[in-house]
Amino acid sequence: MTVPYSFAHNAFAAALQSSYDHLADGEESGDTVMVAGRLMLLRRQGKLAFATMRDSSGEIQLFALDAVTSDFEEFTKLHLGDWVGVGGEVVRTKRGELSVKVATWVTLAAAQRNFGDKWAGISDFDLRYRHREADLWANPMSRTTLKRRNDVMRAVRERCWAAGFMEVETPILNAIASGSDARPFATHHNALDTDFFLRIAPELWLKRLVVGGFERVFEIGRVFRNEGVSPRHNPEFTMLEIYAAYWNYEDMMVFTEELTAGVAMDVLGTTEIEYQGRPFSFAAPWPRRTMAELASEAVGTDVSVHTPREQLAGMLEERGVEVHRAWGAGRCLAELFEATCETSLWNPIFVTDFPVEISPLARRHQGDPELVERFESYAVGRELSNGFSELVDPLDQRARFEDQARLAAEGEPETMHIDEDYIKALEWGLPPTAGLGLGIDRLAMLVADESNIREVIAFPTLKPVVD
RNA sequence: GCGCCGGUAGCUCAAUUGGCAGAGCAUUUGACUCUUAAUCAACAGGUUCCGGGUUCAAGUCCCGGCCGGCGCACCA
């Protein structure tokens, strides 16, 4: 059988359903359309046959009659999952189902595999993730979720553009993987005979564009971290990073909450949702609390980055956290916060004023040089975004990188490497700038009410099956 | 990486204390001129994830491996 190379398609299911809403039961419109899609159900009744066809917009019934339909017998032998193109009149059956009365039809692709149980679909995770194409046909929720992700991406882009940000693209192959603390994937360029690392963040490149005079830039792109896989972590994930010259971290917090709540409004029409059965509100403004305040409340005594390191370490050990010898008071405070507060932060909140020790790219706090002007937003017990007033001083930047190198020497596996090119870039002058990194997948999880990151990624990372 | 749970027909799932491996849907064949997961009848469909072991007998018990889900760790 030869399948055609094209089909003169001129109507979609959803548009037909709405534009022929007025058609009465048993009424024939007199209008002929060409529709195409996939057979989801097929019911033969002697000299009649009814099929449910789905296209990207929705579903419509195909009504075939021996007296009207060409090759009627062949039509009744079509399989669930076959793609068909159909020409016929728009009618409503006596039982009230809007249909295309099939006059001519052609097979556009024969399905040689089925799409699972027509009622239960496909539920096996392995099959769903390895063969998303089958999952998408079999499971309406999978289509809805990935569509939501697309809606989120569009809303984020449109809001960034509307705020005057320019979308840019920066290298994925890097001689040094920097901009975050994470282990990178390594690869090799043959012609250059050079090892490269896949980016773990686009941060340093974006700030170099600000140095170059693009005052507002953003990038939505894949980043790669060679770390554990979990329901909330995929080795490659999508990050939004934005940088605005002349802003500080408070300005960026305002932008972050407005962007996030705005995306929820754009996609869902509301900021008030249920996430995993529990009420959740995107509505701005979000509370702002310092890390030290939250940690102090949680442990019942005042702690801060100035609390003696040994005292903080003792509190961590009481809570079963193993304290690395390279950790200073700042890192200990952050660990204490994560151990006691992080998972209880349900509605969005900004946690602010991080220790300088764990923030090598952020600018020192105007009120306390041991802190930086940094925030992380948390929602449903997870980190959603991270931003700060950017460190603009090349001398301080070099000192921070050197501190990181010292930590590495003491056995800390995930530290930032010194990036001479970046320091050189800062020497040309980075104006006061605030930056933000936001996990698009995690935002999509919230909007789509999904608890596993794999549901919002079309093809999540899986271990290959070897025979 | 560690722990717990799971893997049976193309899909969704059963299988009692270890005792002949089953159903629905899909596929194949037939009936049926308004169906809606159509209905009815019939046929066919299996390396029970893989490899060992215990036993008269293993889907079931034991050991190892593979893949997945969840939790922990790492992290966003």
# chains A, B, ... in the order shown; residues from 1 in each chain; ligands from 1
call {"tool": "closest_atom_pairs", "arguments": {"of": "chain B", "to": "chain A", "cutoff": "9 Å", "atoms": "only C-alpha atoms (C1' of nucleotides)", "output": "JSON lines"}}
result
{"residue": "B:G1", "atom": "C1'", "partner": "A:Gly228", "partner_atom": "CA", "distance": 8.9}
{"residue": "B:G10", "atom": "C1'", "partner": "A:Asn114", "partner_atom": "CA", "distance": 6.7}
{"residue": "B:C11", "atom": "C1'", "partner": "A:Gly116", "partner_atom": "CA", "distance": 3.8}
{"residue": "B:U12", "atom": "C1'", "partner": "A:Ala120", "partner_atom": "CA", "distance": 5.8}
{"residue": "B:C25", "atom": "C1'", "partner": "A:Asp117", "partner_atom": "CA", "distance": 5.5}
{"residue": "B:A26", "atom": "C1'", "partner": "A:Asp117", "partner_atom": "CA", "distance": 6.9}
{"residue": "B:A31", "atom": "C1'", "partner": "A:Gly46", "partner_atom": "CA", "distance": 8.2}
{"residue": "B:C32", "atom": "C1'", "partner": "A:Gly46", "partner_atom": "CA", "distance": 4.8}
{"residue": "B:U33", "atom": "C1'", "partner": "A:Lys47", "partner_atom": "CA", "distance": 5.6}
{"residue": "B:C34", "atom": "C1'", "partner": "A:Lys94", "partner_atom": "CA", "distance": 5.9}
{"residue": "B:U35", "atom": "C1'", "partner": "A:Phe50", "partner_atom": "CA", "distance": 6.1}
{"residue": "B:U36", "atom": "C1'", "partner": "A:Glu97", "partner_atom": "CA", "distance": 8.4}
{"residue": "B:A37", "atom": "C1'", "partner": "A:Trp119", "partner_atom": "CA", "distance": 5.9}
{"residue": "B:A38", "atom": "C1'", "partner": "A:Arg43", "partner_atom": "CA", "distance": 6.3}
{"residue": "B:C66", "atom": "C1'", "partner": "A:Val465", "partner_atom": "CA", "distance": 8.2}
{"residue": "B:C67", "atom": "C1'", "partner": "A:Val465", "partner_atom": "CA", "distance": 7.2}
{"residue": "B:G68", "atom": "C1'", "partner": "A:Asp126", "partner_atom": "CA", "distance": 5.8}
{"residue": "B:G69", "atom": "C1'", "partner": "A:Phe125", "partner_atom": "CA", "distance": 7.8}
{"residue": "B:C70", "atom": "C1'", "partner": "A:Pro231", "partner_atom": "CA", "distance": 8.9}
{"residue": "B:A73", "atom": "C1'", "partner": "A:Gly228", "partner_atom": "CA", "distance": 8.9}
{"residue": "B:C74", "atom": "C1'", "partner": "A:Gly228", "partner_atom": "CA", "distance": 6.1}
{"residue": "B:C75", "atom": "C1'", "partner": "A:Glu227", "partner_atom": "CA", "distance": 7.1}
{"residue": "B:A76", "atom": "C1'", "partner": "A:Gly439", "partner_atom": "CA", "distance": 6.4}
call {"tool": "residues_around", "arguments": {"residues": "Asp82 in chain A", "least_positions_apart": "4", "cutoff": "8 Å", "atoms": "only C-alpha atoms (C1' of nucleotides)", "output": "number ranges by chain"}}
result
A: 38-39, 78, 107-111
call {"tool": "select_by_dssp", "arguments": {"residues": "range 58-200 of chain A", "states": "strand (DSSP E)", "output": "ChimeraX atom specification"}}
result
/A:59-65,83-92,98-109,166-167,173-174,186-189,194-198
call {"tool": "atom_distance", "arguments": {"atom1": "C1' of A23 in chain B", "atom2": "C1' of A42 in chain B"}}
result
16.6 Å
call {"tool": "atom_distance", "arguments": {"atom1": "C1' of U60 in chain B", "atom2": "C1' of C20 in chain B"}}
result
15.4 Å
call {"tool": "residues_around", "arguments": {"residues": "range 216-219 of chain A", "least_positions_apart": "5", "cutoff": "6 Å", "atoms": "only C-alpha atoms (C1' of nucleotides)", "output": "list in words"}}
result
Phe165, Met166, Glu167, Val168, Leu240, Glu241, Ile242, Tyr243 and Ala244 of chain A
call {"tool": "select_by_dssp", "arguments": {"residues": "range 188-299 of chain A", "states": "alpha helix (DSSP H)", "output": "PyMOL selection string"}}
result
chain A and resi 203-211+249-268+291-299
call {"tool": "residues_around", "arguments": {"residues": "Arg148 in chain A", "least_positions_apart": "2", "cutoff": "8 Å", "atoms": "only C-alpha atoms (C1' of nucleotides)", "output": "PyMOL selection string"}}
result
chain A and resi 144-146+150-152+267+444+447-448
call {"tool": "residues_around", "arguments": {"residues": "range 206-212 of chain A", "least_positions_apart": "2", "cutoff": "12 Å", "atoms": "only C-alpha atoms (C1' of nucleotides)", "output": "VMD selection string"}}
result
chain A and resid 165 to 171 179 201 to 204 214 to 220 240 to 246 361 389 to 392 421 to 437
call {"tool": "atom_distance", "arguments": {"atom1": "CA of Tyr20 in chain A", "atom2": "CA of Gly85 in chain A"}}
result
20.0 Å
